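target-v2.pdb, holding PDB, C-alpha atoms and all ligand atoms:
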```pdb
ATOM      1  CA  MET A   1       5.073  13.411   7.904  1.00  0.00           C
ATOM      2  CA  ILE A   2       5.389  15.119   4.517  1.00  0.00           C
ATOM      3  CA  VAL A   3       7.974  17.888   4.157  1.00  0.00           C
ATOM      4  CA  ALA A   4       8.493  19.826   0.925  1.00  0.00           C
ATOM      5  CA  ASN A   5      11.364  22.234   0.469  1.00  0.00           C
ATOM      6  CA  SER A   6      11.573  24.569  -2.547  1.00  0.00           C
ATOM      7  CA  LEU A   7       9.745  22.031  -4.657  1.00  0.00           C
ATOM      8  CA  THR A   8       9.666  22.862  -8.354  1.00  0.00           C
ATOM      9  CA  LYS A   9       8.068  20.883 -11.185  1.00  0.00           C
ATOM     10  CA  ARG A  10       8.722  21.834 -14.799  1.00  0.00           C
ATOM     11  CA  TYR A  11       6.962  19.675 -17.386  1.00  0.00           C
ATOM     12  CA  PRO A  12       8.622  18.674 -20.656  1.00  0.00           C
ATOM     13  CA  GLY A  13       8.082  21.731 -22.850  1.00  0.00           C
ATOM     14  CA  GLY A  14       9.200  23.999 -20.017  1.00  0.00           C
ATOM     15  CA  PHE A  15       5.943  24.898 -18.246  1.00  0.00           C
ATOM     16  CA  GLU A  16       6.578  25.354 -14.529  1.00  0.00           C
ATOM     17  CA  ALA A  17       3.534  23.921 -12.717  1.00  0.00           C
ATOM     18  CA  LEU A  18       5.059  24.325  -9.223  1.00  0.00           C
ATOM     19  CA  SER A  19       7.648  26.922  -8.189  1.00  0.00           C
ATOM     20  CA  GLY A  20       9.538  26.856  -4.881  1.00  0.00           C
ATOM     21  CA  VAL A  21       6.768  25.171  -2.912  1.00  0.00           C
ATOM     22  CA  SER A  22       7.561  24.519   0.767  1.00  0.00           C
ATOM     23  CA  PHE A  23       5.274  23.082   3.459  1.00  0.00           C
ATOM     24  CA  ARG A  24       5.111  20.575   6.275  1.00  0.00           C
ATOM     25  CA  ILE A  25       2.222  18.193   6.907  1.00  0.00           C
ATOM     26  CA  GLY A  26       2.410  16.385  10.245  1.00  0.00           C
ATOM     27  CA  ALA A  27       1.615  12.677  10.680  1.00  0.00           C
ATOM     28  CA  GLY A  28      -2.134  12.277  11.132  1.00  0.00           C
ATOM     29  CA  GLU A  29      -2.956  15.734   9.752  1.00  0.00           C
ATOM     30  CA  MET A  30      -5.588  16.309   7.086  1.00  0.00           C
ATOM     31  CA  VAL A  31      -4.781  19.024   4.551  1.00  0.00           C
ATOM     32  CA  LEU A  32      -6.808  20.248   1.594  1.00  0.00           C
ATOM     33  CA  ILE A  33      -4.869  21.561  -1.391  1.00  0.00           C
ATOM     34  CA  THR A  34      -6.926  24.320  -2.950  1.00  0.00           C
ATOM     35  CA  GLY A  35      -6.529  26.878  -5.720  1.00  0.00           C
ATOM     36  CA  HIS A  36      -7.788  27.817  -9.169  1.00  0.00           C
ATOM     37  CA  SER A  37      -7.874  25.427 -12.101  1.00  0.00           C
ATOM     38  CA  GLY A  38      -4.298  24.958 -13.296  1.00  0.00           C
ATOM     39  CA  ALA A  39      -2.808  26.152  -9.966  1.00  0.00           C
ATOM     40  CA  GLY A  40      -0.807  22.932  -9.637  1.00  0.00           C
ATOM     41  CA  LYS A  41      -2.961  20.899  -7.215  1.00  0.00           C
ATOM     42  CA  THR A  42      -2.915  17.650  -9.210  1.00  0.00           C
ATOM     43  CA  THR A  43       0.796  18.085  -9.910  1.00  0.00           C
ATOM     44  CA  LEU A  44       1.516  18.359  -6.179  1.00  0.00           C
ATOM     45  CA  VAL A  45      -0.525  15.238  -5.381  1.00  0.00           C
ATOM     46  CA  LYS A  46       1.278  13.369  -8.186  1.00  0.00           C
ATOM     47  CA  LEU A  47       4.676  14.371  -6.766  1.00  0.00           C
ATOM     48  CA  ILE A  48       3.716  13.111  -3.297  1.00  0.00           C
ATOM     49  CA  ALA A  49       2.434   9.878  -4.888  1.00  0.00           C
ATOM     50  CA  SER A  50       5.728   9.508  -6.824  1.00  0.00           C
ATOM     51  CA  ILE A  51       3.787   9.465 -10.097  1.00  0.00           C
ATOM     52  CA  GLU A  52       5.759  12.527 -11.206  1.00  0.00           C
ATOM     53  CA  ARG A  53       9.237  13.487 -10.022  1.00  0.00           C
ATOM     54  CA  PRO A  54      10.251  16.979  -8.903  1.00  0.00           C
ATOM     55  CA  THR A  55      12.543  18.990 -11.165  1.00  0.00           C
ATOM     56  CA  SER A  56      14.281  20.405  -8.091  1.00  0.00           C
ATOM     57  CA  GLY A  57      13.808  20.714  -4.365  1.00  0.00           C
ATOM     58  CA  SER A  58      13.184  17.966  -1.871  1.00  0.00           C
ATOM     59  CA  LEU A  59      10.103  16.047  -0.866  1.00  0.00           C
ATOM     60  CA  VAL A  60      10.376  13.819   2.184  1.00  0.00           C
ATOM     61  CA  VAL A  61       7.521  11.441   3.008  1.00  0.00           C
ATOM     62  CA  ASN A  62       7.743   9.261   6.123  1.00  0.00           C
ATOM     63  CA  GLY A  63      11.472   9.986   6.320  1.00  0.00           C
ATOM     64  CA  GLN A  64      12.210   9.051   2.714  1.00  0.00           C
ATOM     65  CA  ASN A  65      13.400  11.654   0.226  1.00  0.00           C
ATOM     66  CA  LEU A  66      11.289  10.909  -2.851  1.00  0.00           C
ATOM     67  CA  SER A  67      13.362  13.185  -5.093  1.00  0.00           C
ATOM     68  CA  ALA A  68      16.462  11.045  -4.461  1.00  0.00           C
ATOM     69  CA  LEU A  69      14.726   7.698  -4.737  1.00  0.00           C
ATOM     70  CA  ARG A  70      15.836   5.097  -7.278  1.00  0.00           C
ATOM     71  CA  ARG A  71      13.066   4.296  -9.761  1.00  0.00           C
ATOM     72  CA  SER A  72      13.079   0.648  -8.661  1.00  0.00           C
ATOM     73  CA  ALA A  73      12.262   1.677  -5.065  1.00  0.00           C
ATOM     74  CA  ILE A  74       9.112   3.623  -6.002  1.00  0.00           C
ATOM     75  CA  PRO A  75       6.622   0.698  -5.952  1.00  0.00           C
ATOM     76  CA  TYR A  76       7.705  -0.134  -2.385  1.00  0.00           C
ATOM     77  CA  VAL A  77       7.214   3.464  -1.245  1.00  0.00           C
ATOM     78  CA  ARG A  78       3.792   3.587  -2.910  1.00  0.00           C
ATOM     79  CA  ARG A  79       2.588   0.678  -0.774  1.00  0.00           C
ATOM     80  CA  HIS A  80       2.300   3.101   2.145  1.00  0.00           C
ATOM     81  CA  PHE A  81      -0.011   5.333   0.114  1.00  0.00           C
ATOM     82  CA  GLY A  82      -3.665   4.969  -0.666  1.00  0.00           C
ATOM     83  CA  MET A  83      -4.489   6.880  -3.844  1.00  0.00           C
ATOM     84  CA  ILE A  84      -7.783   8.072  -5.237  1.00  0.00           C
ATOM     85  CA  PHE A  85      -7.497   9.790  -8.592  1.00  0.00           C
ATOM     86  CA  GLN A  86     -10.090  11.368 -10.874  1.00  0.00           C
ATOM     87  CA  ASP A  87      -9.666   8.557 -13.344  1.00  0.00           C
ATOM     88  CA  GLN A  88     -10.305   5.804 -10.804  1.00  0.00           C
ATOM     89  CA  LYS A  89      -9.093   2.956 -13.017  1.00  0.00           C
ATOM     90  CA  LEU A  90     -11.662   0.528 -11.652  1.00  0.00           C
ATOM     91  CA  LEU A  91     -11.649  -2.802 -13.463  1.00  0.00           C
ATOM     92  CA  PHE A  92     -15.021  -3.150 -15.164  1.00  0.00           C
ATOM     93  CA  ASP A  93     -14.575  -6.839 -15.974  1.00  0.00           C
ATOM     94  CA  ARG A  94     -14.323  -7.778 -12.280  1.00  0.00           C
ATOM     95  CA  SER A  95     -16.649  -7.608  -9.297  1.00  0.00           C
ATOM     96  CA  ALA A  96     -16.498  -4.856  -6.676  1.00  0.00           C
ATOM     97  CA  LEU A  97     -14.895  -7.348  -4.271  1.00  0.00           C
ATOM     98  CA  ASP A  98     -12.228  -8.350  -6.819  1.00  0.00           C
ATOM     99  CA  ASN A  99     -11.395  -4.669  -7.391  1.00  0.00           C
ATOM    100  CA  VAL A 100     -10.761  -4.153  -3.679  1.00  0.00           C
ATOM    101  CA  MET A 101      -8.811  -7.413  -3.346  1.00  0.00           C
ATOM    102  CA  LEU A 102      -6.353  -6.452  -6.077  1.00  0.00           C
ATOM    103  CA  PRO A 103      -3.869  -4.449  -3.920  1.00  0.00           C
ATOM    104  CA  LEU A 104      -3.819  -7.325  -1.405  1.00  0.00           C
ATOM    105  CA  GLN A 105      -3.117  -9.888  -4.116  1.00  0.00           C
ATOM    106  CA  ILE A 106      -0.226  -7.752  -5.358  1.00  0.00           C
ATOM    107  CA  VAL A 107       1.423  -7.944  -1.922  1.00  0.00           C
ATOM    108  CA  GLY A 108       0.736 -11.698  -1.769  1.00  0.00           C
ATOM    109  CA  LEU A 109      -1.811 -11.867   1.051  1.00  0.00           C
ATOM    110  CA  PRO A 110      -3.390 -15.349   1.339  1.00  0.00           C
ATOM    111  CA  HIS A 111      -6.741 -15.502  -0.500  1.00  0.00           C
ATOM    112  CA  ARG A 112      -8.956 -16.029   2.544  1.00  0.00           C
ATOM    113  CA  GLU A 113      -7.349 -13.120   4.440  1.00  0.00           C
ATOM    114  CA  ALA A 114      -7.614 -10.928   1.328  1.00  0.00           C
ATOM    115  CA  VAL A 115     -11.353 -11.669   1.049  1.00  0.00           C
ATOM    116  CA  ARG A 116     -11.864 -10.876   4.731  1.00  0.00           C
ATOM    117  CA  ARG A 117      -9.970  -7.563   4.532  1.00  0.00           C
ATOM    118  CA  ALA A 118     -11.622  -6.528   1.257  1.00  0.00           C
ATOM    119  CA  GLN A 119     -15.079  -7.247   2.684  1.00  0.00           C
ATOM    120  CA  ALA A 120     -14.244  -5.169   5.769  1.00  0.00           C
ATOM    121  CA  ALA A 121     -13.194  -2.274   3.501  1.00  0.00           C
ATOM    122  CA  LEU A 122     -16.405  -2.603   1.449  1.00  0.00           C
ATOM    123  CA  ASP A 123     -18.394  -2.610   4.676  1.00  0.00           C
ATOM    124  CA  LYS A 124     -16.629   0.575   5.801  1.00  0.00           C
ATOM    125  CA  VAL A 125     -17.738   2.426   2.657  1.00  0.00           C
ATOM    126  CA  GLY A 126     -21.270   0.945   2.793  1.00  0.00           C
ATOM    127  CA  LEU A 127     -20.904  -1.357  -0.230  1.00  0.00           C
ATOM    128  CA  LEU A 128     -20.703  -4.827   1.286  1.00  0.00           C
ATOM    129  CA  ALA A 129     -24.167  -5.694  -0.054  1.00  0.00           C
ATOM    130  CA  ARG A 130     -22.854  -4.849  -3.565  1.00  0.00           C
ATOM    131  CA  GLU A 131     -19.671  -6.963  -3.364  1.00  0.00           C
ATOM    132  CA  LYS A 132     -20.662  -9.103  -6.353  1.00  0.00           C
ATOM    133  CA  ALA A 133     -21.765  -6.139  -8.497  1.00  0.00           C
ATOM    134  CA  ASN A 134     -19.756  -5.034 -11.487  1.00  0.00           C
ATOM    135  CA  PRO A 135     -18.541  -1.424 -10.979  1.00  0.00           C
ATOM    136  CA  ILE A 136     -20.421  -0.426 -14.155  1.00  0.00           C
ATOM    137  CA  ALA A 137     -23.674  -1.155 -12.269  1.00  0.00           C
ATOM    138  CA  LEU A 138     -22.739   1.270  -9.459  1.00  0.00           C
ATOM    139  CA  SER A 139     -23.633   4.968  -9.297  1.00  0.00           C
ATOM    140  CA  GLY A 140     -20.910   7.644  -9.525  1.00  0.00           C
ATOM    141  CA  GLY A 141     -20.899   8.053  -5.732  1.00  0.00           C
ATOM    142  CA  GLU A 142     -20.737   4.288  -5.216  1.00  0.00           C
ATOM    143  CA  GLN A 143     -17.869   3.964  -7.707  1.00  0.00           C
ATOM    144  CA  GLN A 144     -16.013   6.663  -5.793  1.00  0.00           C
ATOM    145  CA  ARG A 145     -16.635   4.818  -2.511  1.00  0.00           C
ATOM    146  CA  LEU A 146     -15.390   1.613  -4.174  1.00  0.00           C
ATOM    147  CA  ALA A 147     -12.198   3.446  -5.198  1.00  0.00           C
ATOM    148  CA  ILE A 148     -11.804   4.582  -1.590  1.00  0.00           C
ATOM    149  CA  ALA A 149     -12.249   1.008  -0.292  1.00  0.00           C
ATOM    150  CA  ARG A 150      -9.536  -0.144  -2.696  1.00  0.00           C
ATOM    151  CA  ALA A 151      -7.256   2.724  -1.613  1.00  0.00           C
ATOM    152  CA  VAL A 152      -7.545   1.958   2.103  1.00  0.00           C
ATOM    153  CA  VAL A 153      -7.607  -1.849   2.051  1.00  0.00           C
ATOM    154  CA  ASN A 154      -3.810  -1.971   2.482  1.00  0.00           C
ATOM    155  CA  ARG A 155      -4.117   0.238   5.582  1.00  0.00           C
ATOM    156  CA  PRO A 156      -2.018   3.068   4.158  1.00  0.00           C
ATOM    157  CA  THR A 157      -0.371   5.620   6.446  1.00  0.00           C
ATOM    158  CA  VAL A 158      -1.022   8.353   3.853  1.00  0.00           C
ATOM    159  CA  LEU A 159      -4.211   8.775   1.835  1.00  0.00           C
ATOM    160  CA  LEU A 160      -3.943  10.956  -1.289  1.00  0.00           C
ATOM    161  CA  ALA A 161      -6.915  12.058  -3.324  1.00  0.00           C
ATOM    162  CA  ASP A 162      -7.483  14.287  -6.339  1.00  0.00           C
ATOM    163  CA  GLU A 163     -10.957  15.875  -6.451  1.00  0.00           C
ATOM    164  CA  PRO A 164     -12.721  12.913  -4.807  1.00  0.00           C
ATOM    165  CA  THR A 165     -16.059  14.772  -4.628  1.00  0.00           C
ATOM    166  CA  ALA A 166     -16.028  16.149  -8.185  1.00  0.00           C
ATOM    167  CA  ASN A 167     -19.075  15.265 -10.322  1.00  0.00           C
ATOM    168  CA  LEU A 168     -21.079  13.977  -7.348  1.00  0.00           C
ATOM    169  CA  ASP A 169     -24.435  15.212  -6.043  1.00  0.00           C
ATOM    170  CA  SER A 170     -24.310  16.915  -2.655  1.00  0.00           C
ATOM    171  CA  ALA A 171     -25.420  13.862  -0.633  1.00  0.00           C
ATOM    172  CA  SER A 172     -22.788  11.605  -2.260  1.00  0.00           C
ATOM    173  CA  ALA A 173     -20.133  14.314  -1.798  1.00  0.00           C
ATOM    174  CA  GLN A 174     -21.045  14.515   1.887  1.00  0.00           C
ATOM    175  CA  ASP A 175     -20.662  10.712   2.211  1.00  0.00           C
ATOM    176  CA  ILE A 176     -17.146  11.001   0.785  1.00  0.00           C
ATOM    177  CA  ARG A 177     -16.205  13.900   3.092  1.00  0.00           C
ATOM    178  CA  THR A 178     -17.466  11.898   6.077  1.00  0.00           C
ATOM    179  CA  LEU A 179     -15.360   8.887   5.055  1.00  0.00           C
ATOM    180  CA  PHE A 180     -12.221  11.033   4.875  1.00  0.00           C
ATOM    181  CA  ALA A 181     -13.038  12.523   8.305  1.00  0.00           C
ATOM    182  CA  ASP A 182     -13.350   8.971   9.672  1.00  0.00           C
ATOM    183  CA  PHE A 183      -9.935   7.975   8.300  1.00  0.00           C
ATOM    184  CA  HIS A 184      -8.464  11.194   9.687  1.00  0.00           C
ATOM    185  CA  ARG A 185      -9.914  10.346  13.103  1.00  0.00           C
ATOM    186  CA  VAL A 186      -8.050   7.018  13.175  1.00  0.00           C
ATOM    187  CA  GLY A 187      -4.715   8.694  12.439  1.00  0.00           C
ATOM    188  CA  VAL A 188      -4.274   8.436   8.679  1.00  0.00           C
ATOM    189  CA  THR A 189      -2.413  11.397   7.104  1.00  0.00           C
ATOM    190  CA  ILE A 190      -4.694  12.808   4.412  1.00  0.00           C
ATOM    191  CA  VAL A 191      -3.922  15.108   1.482  1.00  0.00           C
ATOM    192  CA  VAL A 192      -6.801  16.057  -0.808  1.00  0.00           C
ATOM    193  CA  ALA A 193      -6.728  18.347  -3.840  1.00  0.00           C
ATOM    194  CA  THR A 194     -10.172  19.883  -4.097  1.00  0.00           C
ATOM    195  CA  HIS A 195     -12.404  22.652  -5.446  1.00  0.00           C
ATOM    196  CA  ASP A 196     -15.211  21.591  -3.101  1.00  0.00           C
ATOM    197  CA  GLN A 197     -16.276  24.855  -1.393  1.00  0.00           C
ATOM    198  CA  SER A 198     -18.245  23.235   1.431  1.00  0.00           C
ATOM    199  CA  TRP A 199     -15.228  21.089   2.269  1.00  0.00           C
ATOM    200  CA  ILE A 200     -12.852  24.056   2.160  1.00  0.00           C
ATOM    201  CA  GLU A 201     -15.157  26.144   4.390  1.00  0.00           C
ATOM    202  CA  HIS A 202     -15.334  23.394   7.032  1.00  0.00           C
ATOM    203  CA  CYS A 203     -11.700  22.259   7.043  1.00  0.00           C
ATOM    204  CA  GLN A 204     -10.793  24.510  10.001  1.00  0.00           C
ATOM    205  CA  GLY A 205      -7.784  26.159   8.447  1.00  0.00           C
ATOM    206  CA  ASN A 206      -5.881  23.098   7.264  1.00  0.00           C
ATOM    207  CA  ALA A 207      -5.728  24.207   3.666  1.00  0.00           C
ATOM    208  CA  LEU A 208      -2.710  24.765   1.443  1.00  0.00           C
ATOM    209  CA  ARG A 209      -3.675  27.231  -1.259  1.00  0.00           C
ATOM    210  CA  LEU A 210      -1.796  27.288  -4.545  1.00  0.00           C
ATOM    211  CA  ASP A 211      -1.806  30.156  -7.006  1.00  0.00           C
ATOM    212  CA  HIS A 212       0.033  29.681 -10.294  1.00  0.00           C
ATOM    213  CA  GLY A 213       2.259  27.023  -8.764  1.00  0.00           C
ATOM    214  CA  ARG A 214       3.122  28.936  -5.589  1.00  0.00           C
ATOM    215  CA  VAL A 215       1.858  28.565  -2.029  1.00  0.00           C
ATOM    216  CA  VAL A 216      -0.125  31.628  -0.941  1.00  0.00           C
TER     217      VAL A 216
HETATM  218  N1  LIG B   1       1.940  16.426 -18.256  1.00  0.00           N
HETATM  219  C1  LIG B   1       1.903  17.757 -18.384  1.00  0.00           C
HETATM  220  N2  LIG B   1       2.640  18.384 -19.357  1.00  0.00           N
HETATM  221  C2  LIG B   1       2.634  19.717 -19.466  1.00  0.00           C
HETATM  222  N3  LIG B   1       1.918  20.551 -18.685  1.00  0.00           N
HETATM  223  C3  LIG B   1       1.170  20.002 -17.720  1.00  0.00           C
HETATM  224  C4  LIG B   1       1.120  18.578 -17.525  1.00  0.00           C
HETATM  225  N4  LIG B   1       0.291  18.325 -16.472  1.00  0.00           N
HETATM  226  C5  LIG B   1      -0.161  19.530 -16.046  1.00  0.00           C
HETATM  227  N5  LIG B   1       0.377  20.531 -16.796  1.00  0.00           N
HETATM  228  C6  LIG B   1       0.135  21.956 -16.619  1.00  0.00           C
HETATM  229  O1  LIG B   1       0.510  22.317 -15.284  1.00  0.00           O
HETATM  230  C7  LIG B   1      -0.423  23.253 -14.739  1.00  0.00           C
HETATM  231  C8  LIG B   1      -0.949  22.709 -13.437  1.00  0.00           C
HETATM  232  O2  LIG B   1      -1.753  21.581 -13.704  1.00  0.00           O
HETATM  233  P1  LIG B   1      -2.481  20.757 -12.552  1.00  0.00           P
HETATM  234  O3  LIG B   1      -3.242  19.674 -13.200  1.00  0.00           O
HETATM  235  O4  LIG B   1      -1.507  20.420 -11.510  1.00  0.00           O
HETATM  236  O5  LIG B   1      -3.491  21.900 -11.992  1.00  0.00           O
HETATM  237  P2  LIG B   1      -4.747  21.761 -11.046  1.00  0.00           P
HETATM  238  O6  LIG B   1      -4.624  22.848 -10.036  1.00  0.00           O
HETATM  239  O7  LIG B   1      -4.869  20.371 -10.533  1.00  0.00           O
HETATM  240  O8  LIG B   1      -5.935  22.072 -12.033  1.00  0.00           O
HETATM  241  P3  LIG B   1      -7.445  21.510 -12.070  1.00  0.00           P
HETATM  242  O9  LIG B   1      -8.097  22.073 -10.854  1.00  0.00           O
HETATM  243  O10 LIG B   1      -7.987  22.088 -13.328  1.00  0.00           O
HETATM  244  O11 LIG B   1      -7.360  20.019 -12.070  1.00  0.00           O
HETATM  245  C9  LIG B   1      -1.499  23.464 -15.803  1.00  0.00           C
HETATM  246  O12 LIG B   1      -1.212  24.677 -16.488  1.00  0.00           O
HETATM  247  C10 LIG B   1      -1.349  22.278 -16.723  1.00  0.00           C
HETATM  248  O13 LIG B   1      -1.702  22.602 -18.037  1.00  0.00           O
END
```

Could you quickly redo this structure as structure tokens?
Ligand SMILES: Nc1ncnc2c1ncn2[C@@H]1O[C@H](COP(=O)(O)OP(=O)(O)OP(=O)(O)O)[C@@H](O)[C@H]1O
Amino acid sequence: MIVANSLTKRYPGGFEALSGVSFRIGAGEMVLITGHSGAGKTTLVKLIASIERPTSGSLVVNGQNLSALRRSAIPYVRRHFGMIFQDQKLLFDRSALDNVMLPLQIVGLPHREAVRRAQAALDKVGLLAREKANPIALSGGEQQRLAIARAVVNRPTVLLADEPTANLDSASAQDIRTLFADFHRVGVTIVVATHDQSWIEHCQGNALRLDHGRVV
């Protein structure tokens, strides 16, 4: 469950990217954050991911108030999140499998179990046959699917994504939308910032539209 109350984010320099934003996203819901360029979509996803901190207001995720969290507690909270950002930060000097194993190594999973889980995640996104490939050898859509495998390999309760279908052809974008629908079906809470019109038209009302930093 994600509950925001009067959430405001002012960046250094004074620009207010979000103003008094309130909403409630239930556990297992899938919500698209929509709105014009500069509306505050990325900022909102970054606040939920604890990458940025709110200037005021409260943001409670899975019962924890992120605005009151000590900085040292943030990495532990983030372990419950899977994150897919525009700049995917894939490691181009490692194989696809190594990229997906990384989050599991950080939490200290034994090597053999990490390989098994990472291969299962690659299989889920249709990339198991490419496990040894370097990400540079993958297409844009495949790189995005690799980023999704890495985001879900820790079995997060919340999946956050910023424009995951941007810069993809329509078939690759559809693959990504289908993957998110699959994760939604198994109970993952999903929050996606997107401009993708076909996604917005088919999301059956679960959209949170921002306009100049306010919910409309
Ligand atoms: N680090 C920052 N410092 C100052 N201003 C920022 C910063 N990050 C974002 N902004 C400003 O906050 C506003 C909202 O930005 P944000 O990236 O959240 O919008 P967006 O809806 O995701 O836009 P887009 O669809 O173009 O990605 C913009 O006017 C942007 O210039």

List every residue of chain A that has an atom at most 8 Å from any atom of ligand LIG 1 (chain B), giving for each one its closest atom pair and the distance in Å to one decimal, counting all atoms listed in the file, sorted by chain and then by ascending residue number, as JSON lines.
```
{"residue": "A:Arg10", "atom": "CA", "partner": "B:LIG1", "partner_atom": "N3", "distance": 7.9}
{"residue": "A:Tyr11", "atom": "CA", "partner": "B:LIG1", "partner_atom": "C2", "distance": 4.8}
{"residue": "A:Pro12", "atom": "CA", "partner": "B:LIG1", "partner_atom": "N2", "distance": 6.1}
{"residue": "A:Gly13", "atom": "CA", "partner": "B:LIG1", "partner_atom": "C2", "distance": 6.7}
{"residue": "A:Gly14", "atom": "CA", "partner": "B:LIG1", "partner_atom": "C2", "distance": 7.9}
{"residue": "A:Phe15", "atom": "CA", "partner": "B:LIG1", "partner_atom": "N3", "distance": 5.9}
{"residue": "A:Glu16", "atom": "CA", "partner": "B:LIG1", "partner_atom": "O1", "distance": 6.8}
{"residue": "A:Ala17", "atom": "CA", "partner": "B:LIG1", "partner_atom": "O1", "distance": 4.3}
{"residue": "A:Leu18", "atom": "CA", "partner": "B:LIG1", "partner_atom": "C8", "distance": 7.5}
{"residue": "A:Thr34", "atom": "CA", "partner": "B:LIG1", "partner_atom": "O6", "distance": 7.6}
{"residue": "A:Gly35", "atom": "CA", "partner": "B:LIG1", "partner_atom": "O6", "distance": 6.2}
{"residue": "A:His36", "atom": "CA", "partner": "B:LIG1", "partner_atom": "O6", "distance": 6.0}
{"residue": "A:Ser37", "atom": "CA", "partner": "B:LIG1", "partner_atom": "O10", "distance": 3.6}
{"residue": "A:Gly38", "atom": "CA", "partner": "B:LIG1", "partner_atom": "O5", "distance": 3.4}
{"residue": "A:Ala39", "atom": "CA", "partner": "B:LIG1", "partner_atom": "O6", "distance": 3.8}
{"residue": "A:Gly40", "atom": "CA", "partner": "B:LIG1", "partner_atom": "O4", "distance": 3.2}
{"residue": "A:Lys41", "atom": "CA", "partner": "B:LIG1", "partner_atom": "O6", "distance": 3.8}
{"residue": "A:Thr42", "atom": "CA", "partner": "B:LIG1", "partner_atom": "O7", "distance": 3.6}
{"residue": "A:Thr43", "atom": "CA", "partner": "B:LIG1", "partner_atom": "O4", "distance": 3.6}
{"residue": "A:Leu44", "atom": "CA", "partner": "B:LIG1", "partner_atom": "O4", "distance": 6.5}
{"residue": "A:Asp162", "atom": "CA", "partner": "B:LIG1", "partner_atom": "O7", "distance": 7.8}
{"residue": "A:Glu163", "atom": "CA", "partner": "B:LIG1", "partner_atom": "O11", "distance": 7.9}
{"residue": "A:Ala193", "atom": "CA", "partner": "B:LIG1", "partner_atom": "O7", "distance": 7.2}
{"residue": "A:Thr194", "atom": "CA", "partner": "B:LIG1", "partner_atom": "O9", "distance": 7.4}
{"residue": "A:His195", "atom": "CA", "partner": "B:LIG1", "partner_atom": "O9", "distance": 6.9}
{"residue": "A:Leu210", "atom": "CA", "partner": "B:LIG1", "partner_atom": "O6", "distance": 7.6}
{"residue": "A:His212", "atom": "CA", "partner": "B:LIG1", "partner_atom": "C8", "distance": 7.7}
{"residue": "A:Gly213", "atom": "CA", "partner": "B:LIG1", "partner_atom": "C8", "distance": 7.1}
```

Convert the current residue selection to file output with C-alpha atoms, as an mmCIF file, in the coordinates of the input.
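As a result, result_35.cif now contains:
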```
data_model
loop_
_atom_site.group_PDB
_atom_site.id
_atom_site.type_symbol
_atom_site.label_atom_id
_atom_site.label_comp_id
_atom_site.auth_asym_id
_atom_site.auth_seq_id
_atom_site.Cartn_x
_atom_site.Cartn_y
_atom_site.Cartn_z
ATOM 1 C CA ARG A 10 8.722 21.834 -14.799
ATOM 2 C CA TYR A 11 6.962 19.675 -17.386
ATOM 3 C CA PRO A 12 8.622 18.674 -20.656
ATOM 4 C CA GLY A 13 8.082 21.731 -22.850
ATOM 5 C CA GLY A 14 9.200 23.999 -20.017
ATOM 6 C CA PHE A 15 5.943 24.898 -18.246
ATOM 7 C CA GLU A 16 6.578 25.354 -14.529
ATOM 8 C CA ALA A 17 3.534 23.921 -12.717
ATOM 9 C CA LEU A 18 5.059 24.325 -9.223
ATOM 10 C CA THR A 34 -6.926 24.320 -2.950
ATOM 11 C CA GLY A 35 -6.529 26.878 -5.720
ATOM 12 C CA HIS A 36 -7.788 27.817 -9.169
ATOM 13 C CA SER A 37 -7.874 25.427 -12.101
ATOM 14 C CA GLY A 38 -4.298 24.958 -13.296
ATOM 15 C CA ALA A 39 -2.808 26.152 -9.966
ATOM 16 C CA GLY A 40 -0.807 22.932 -9.637
ATOM 17 C CA LYS A 41 -2.961 20.899 -7.215
ATOM 18 C CA THR A 42 -2.915 17.650 -9.210
ATOM 19 C CA THR A 43 0.796 18.085 -9.910
ATOM 20 C CA LEU A 44 1.516 18.359 -6.179
ATOM 21 C CA ASP A 162 -7.483 14.287 -6.339
ATOM 22 C CA GLU A 163 -10.957 15.875 -6.451
ATOM 23 C CA ALA A 193 -6.728 18.347 -3.840
ATOM 24 C CA THR A 194 -10.172 19.883 -4.097
ATOM 25 C CA HIS A 195 -12.404 22.652 -5.446
ATOM 26 C CA LEU A 210 -1.796 27.288 -4.545
ATOM 27 C CA HIS A 212 0.033 29.681 -10.294
ATOM 28 C CA GLY A 213 2.259 27.023 -8.764
#
```

Quick one: which residues end up in the PyMOL selection byres (((chain A and resi 63) around 9) and not hetatm) for this structure, as number ranges by chain? A: 1-3, 60-62, 64-65

Quick one: of A:Leu59, A:Ala49, A:Ala147, A:Leu160, who's nearest to A:Gly20, counting all atoms listed in the file? A:Leu59

For A:Ile51, which residue out of A:Thr178, A:Ala27, A:Val21, A:Arg78 is the nearest one, using only C-alpha atoms?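 So, comparing all the options, the nearest one is A:Arg78.
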
Would you mind telling me which residue in A:Lys89, A:His202, A:Lys124, A:His111 lies nearest to A:Asp175 when using all atoms listed in the file?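 Selected residue with least distance to A:Asp175: A:Lys124.
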
Since I can't run it myself right now, could you work out what the PyMOL selection byres (((chain A and resi 143) around 12) and not hetatm) selects here and report it as an MDAnalysis selection string? chainID A and resid 84:92 95:96 99:100 122 125:127 130:131 133:142 144:150 164:165 167:168 172 176

Residues picked by the PyMOL selection byres (((chain A and resi 79-83) around 7) and not hetatm) here, as a tab-separated table (two decimals) with C-alpha atoms, in the frame of the given file?
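Result saved to out-v2.tsv:
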```tsv
chain	number	residue	atom	x	y	z
A	75	PRO	CA	6.62	0.70	-5.95
A	76	TYR	CA	7.70	-0.13	-2.38
A	77	VAL	CA	7.21	3.46	-1.25
A	78	ARG	CA	3.79	3.59	-2.91
A	84	ILE	CA	-7.78	8.07	-5.24
A	85	PHE	CA	-7.50	9.79	-8.59
A	151	ALA	CA	-7.26	2.72	-1.61
A	152	VAL	CA	-7.54	1.96	2.10
A	156	PRO	CA	-2.02	3.07	4.16
A	157	THR	CA	-0.37	5.62	6.45
A	158	VAL	CA	-1.02	8.35	3.85
A	159	LEU	CA	-4.21	8.78	1.84
A	160	LEU	CA	-3.94	10.96	-1.29
A	161	ALA	CA	-6.92	12.06	-3.32
```
